[in-house]
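Read the structure below first, then the notes.
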Amino acid sequence: MNSVLTTSLRNASRTYRGNSLSQGLFCFVRPKPIVWRRPTTTPSRSFTASFTEQSRPPSLVQFLASRFLQATHRSGAVSSSRSRSPFTPPPDPQGPWRRFIRWLDSLPSNAIFWGVLVINGAVFASWQLATALYQSSGSRDLYILMNENFTVSMRNIRSGRIWTLVTSAFSHAGIGHILVNAFTYYFMAPPVLALLGNSGFLALYLGGGMVSSLTSLWWNSYKGNQFYSSHGASGAVYSVITFFACVAPNTQFAIFGIIPCPAWLFVSGIFVWDAYESMRDSRTQVDNAGHVGGIIGGIGYYLRKRFRIF
């Protein structure tokens, strides 16, 4: 374990009152075992025999025959490599996606931490501007644009705006809504970011927001609320909290800054409460089904990292 990760976890332990993050770390840093598979070209021969045959120098007849075949026959791989322009660099075996992940992980973690908050703040400011324009001049263009691109609903999905599954997780229209989510994110994101790295943390945050949106869409469609729309970072933040609780279940949370509660009990409690409110269909301003989806997303990501289930 490198010194940066150790220092981050020590700081997290001071923040969360006896944090025990180190109990669940080894599953993420354990190297993947290397499994030898017998070559498929010689299934009936042992590894020793095939290795001996491959390391034996060819006879003169074999050498001349191979040279003759190379001179009179063309291979697809050889033909493609000879036809490539000498000015064209060979393709990267890892591809552009892996290069992007390496670049993302090379960024300072503070860039990811503050970047998420800045995006949430910019979208919130856009909502305030849209509301002010509508109230002052009656212009609804920006307000409609925000609803179509930063809220998740069946209408938006059926219209092809799939990106709202993610963009809705950066959207807040009320000051109280964004303050609560930003406050929770500010204290819970740093230890998880230090544990997972930039790309892993963004996968958890964006994936949790997407699972939250899909759960909200499915549940409200099932209940007959076809015109229901929602937005907010609660589902994504819940996925971060849940992942933290899975890694360090005995960490003490302070509810309202006073009441101590272990992380596993806190997450279990909000899961039961939101599931109950969803079943009761109280029709409040809170998207309880989205909260349940965020918790499920955090559990799913932990299982993926811990047991490599999918």
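Simple scheme: letters A, B, ... for chains in structure tokens order, numbers from 1 for residues in each chain, numbers from 1 for ligands in the order shown.
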I want to know what sits within 10 Å of Ala263 (chain A), based on only C-alpha atoms, with residues of the same chain fewer than 6 positions away left out; could you give that as a list in words? Ile241, Thr242, Phe244, Ala245, Cys246, Val247, Ala248, Pro249, Asn250, Thr251, Gln252, Phe253, Ala254 and Gly269 of chain A
Output of the above residues as a CSV table (one decimal), in the first residue's frame, restricted to all heavy atoms:
chain,number,residue,atom,x,y,z
A,241,ILE,N,-22.0,6.5,0.2
A,241,ILE,CA,-22.2,6.2,1.6
A,241,ILE,C,-22.3,4.7,1.8
A,241,ILE,O,-21.6,4.1,2.7
A,241,ILE,CB,-23.4,6.9,2.2
A,241,ILE,CG1,-23.2,8.4,2.1
A,241,ILE,CG2,-23.6,6.4,3.6
A,241,ILE,CD1,-24.5,9.1,2.6
A,242,THR,N,-23.0,4.0,0.9
A,242,THR,CA,-23.2,2.6,1.0
A,242,THR,C,-21.9,1.8,0.8
A,242,THR,O,-21.6,0.8,1.5
A,242,THR,CB,-24.3,2.1,0.0
A,242,THR,OG1,-25.5,2.8,0.3
A,242,THR,CG2,-24.6,0.6,0.2
A,244,PHE,N,-18.9,2.9,1.3
A,244,PHE,CA,-18.1,3.1,2.5
A,244,PHE,C,-18.6,2.2,3.6
A,244,PHE,O,-17.8,1.6,4.3
A,244,PHE,CB,-18.3,4.6,2.9
A,244,PHE,CG,-17.4,5.0,4.1
A,244,PHE,CD1,-16.2,5.5,4.0
A,244,PHE,CD2,-17.9,4.8,5.4
A,244,PHE,CE1,-15.4,5.8,5.1
A,244,PHE,CE2,-17.1,5.1,6.5
A,244,PHE,CZ,-15.9,5.7,6.3
A,245,ALA,N,-19.9,2.1,3.8
A,245,ALA,CA,-20.4,1.2,4.9
A,245,ALA,C,-20.1,-0.3,4.6
A,245,ALA,O,-19.9,-1.0,5.6
A,245,ALA,CB,-21.9,1.4,5.0
A,246,CYS,N,-20.1,-0.7,3.4
A,246,CYS,CA,-19.7,-2.1,3.1
A,246,CYS,C,-18.2,-2.4,3.4
A,246,CYS,O,-17.9,-3.4,3.9
A,246,CYS,CB,-20.0,-2.4,1.6
A,246,CYS,SG,-21.7,-2.5,1.2
A,247,VAL,N,-17.4,-1.4,3.1
A,247,VAL,CA,-15.9,-1.6,3.4
A,247,VAL,C,-15.6,-1.5,4.9
A,247,VAL,O,-14.9,-2.2,5.4
A,247,VAL,CB,-15.1,-0.5,2.6
A,247,VAL,CG1,-13.6,-0.6,3.0
A,247,VAL,CG2,-15.3,-0.7,1.1
A,248,ALA,N,-16.3,-0.5,5.6
A,248,ALA,CA,-16.0,-0.3,7.0
A,248,ALA,C,-17.3,-0.2,7.7
A,248,ALA,O,-17.8,0.8,8.1
A,248,ALA,CB,-15.2,1.0,7.2
A,249,PRO,N,-18.0,-1.4,7.9
A,249,PRO,CA,-19.3,-1.4,8.5
A,249,PRO,C,-19.4,-0.9,10.0
A,249,PRO,O,-20.5,-0.4,10.4
A,249,PRO,CB,-19.8,-2.9,8.4
A,249,PRO,CG,-18.5,-3.6,8.3
A,249,PRO,CD,-17.5,-2.7,7.6
A,250,ASN,N,-18.3,-1.0,10.7
A,250,ASN,CA,-18.3,-0.6,12.1
A,250,ASN,C,-17.9,0.9,12.3
A,250,ASN,O,-17.8,1.3,13.5
A,250,ASN,CB,-17.4,-1.5,12.9
A,250,ASN,CG,-17.9,-2.9,12.9
A,250,ASN,OD1,-19.1,-3.2,13.0
A,250,ASN,ND2,-17.0,-3.9,12.9
A,251,THR,N,-17.7,1.6,11.3
A,251,THR,CA,-17.4,3.0,11.4
A,251,THR,C,-18.6,3.8,12.1
A,251,THR,O,-19.7,3.5,11.7
A,251,THR,CB,-17.1,3.7,10.1
A,251,THR,OG1,-16.0,3.0,9.5
A,251,THR,CG2,-16.7,5.1,10.2
A,252,GLN,N,-18.3,4.6,13.0
A,252,GLN,CA,-19.3,5.4,13.7
A,252,GLN,C,-19.7,6.6,13.0
A,252,GLN,O,-18.9,7.5,12.8
A,252,GLN,CB,-18.8,5.7,15.1
A,252,GLN,CG,-18.6,4.5,16.0
A,252,GLN,CD,-19.9,3.8,16.3
A,252,GLN,OE1,-20.9,4.4,16.7
A,252,GLN,NE2,-19.9,2.4,16.2
A,253,PHE,N,-21.0,6.7,12.6
A,253,PHE,CA,-21.5,8.0,12.1
A,253,PHE,C,-22.2,8.7,13.2
A,253,PHE,O,-22.7,8.1,14.2
A,253,PHE,CB,-22.6,7.7,11.0
A,253,PHE,CG,-22.0,7.2,9.7
A,253,PHE,CD1,-22.8,6.7,8.7
A,253,PHE,CD2,-20.6,7.2,9.4
A,253,PHE,CE1,-22.3,6.3,7.5
A,253,PHE,CE2,-20.1,6.8,8.2
A,253,PHE,CZ,-21.0,6.3,7.2
A,254,ALA,N,-22.2,10.0,13.1
A,254,ALA,CA,-22.9,10.9,14.1
A,254,ALA,C,-24.1,11.5,13.4
A,254,ALA,O,-24.0,12.4,12.7
A,254,ALA,CB,-21.9,12.0,14.6
A,269,GLY,N,-30.9,1.4,7.9
A,269,GLY,CA,-32.1,2.1,8.4
A,269,GLY,C,-32.7,3.0,7.3
A,269,GLY,O,-33.9,3.0,7.1
Excluding region 219-235 of chain A and residues on its chain fewer than 6 positions from it, collect all residues at most 10 Å away from it, counting only C-alpha atoms, and give them as a count of residues only. 55
Looking at only C-alpha atoms, which of A:Gly138, A:Val267, A:Arg306, A:Trp127 is the one that sits closest to Ile255 (chain A)? A:Val267
Output as a PyMOL selection string all residues of region 156-281 of chain A that backbone DSSP marks as helix (DSSP H, G or I). chain A and resi 156-158+164-170+175-222+234-247+263-280
Distance CA of Val237 (chain A)-CA of Ala189 (chain A), one decimal place?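 Rounded to one decimal, the two atoms are 8.3 Å apart.
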Take CA of Ile101 (chain A) and CA of Phe201 (chain A) and report the distance between them in Å, one decimal. 12.0 Å
For each of A:Pro190, A:Ser199, A:Met146, A:Phe124, take the minimum atom-to-atom distance to Phe100 (chain A), counting only C-alpha atoms, then give the residue where this is smallest. A:Ser199
Just the number, please: distance in Å from CA of Leu133 (chain A) to CA of Glu148 (chain A), one decimal.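 Atom-to-atom, CA of Leu133 (chain A) and CA of Glu148 (chain A) are spaced 16.9 Å apart.
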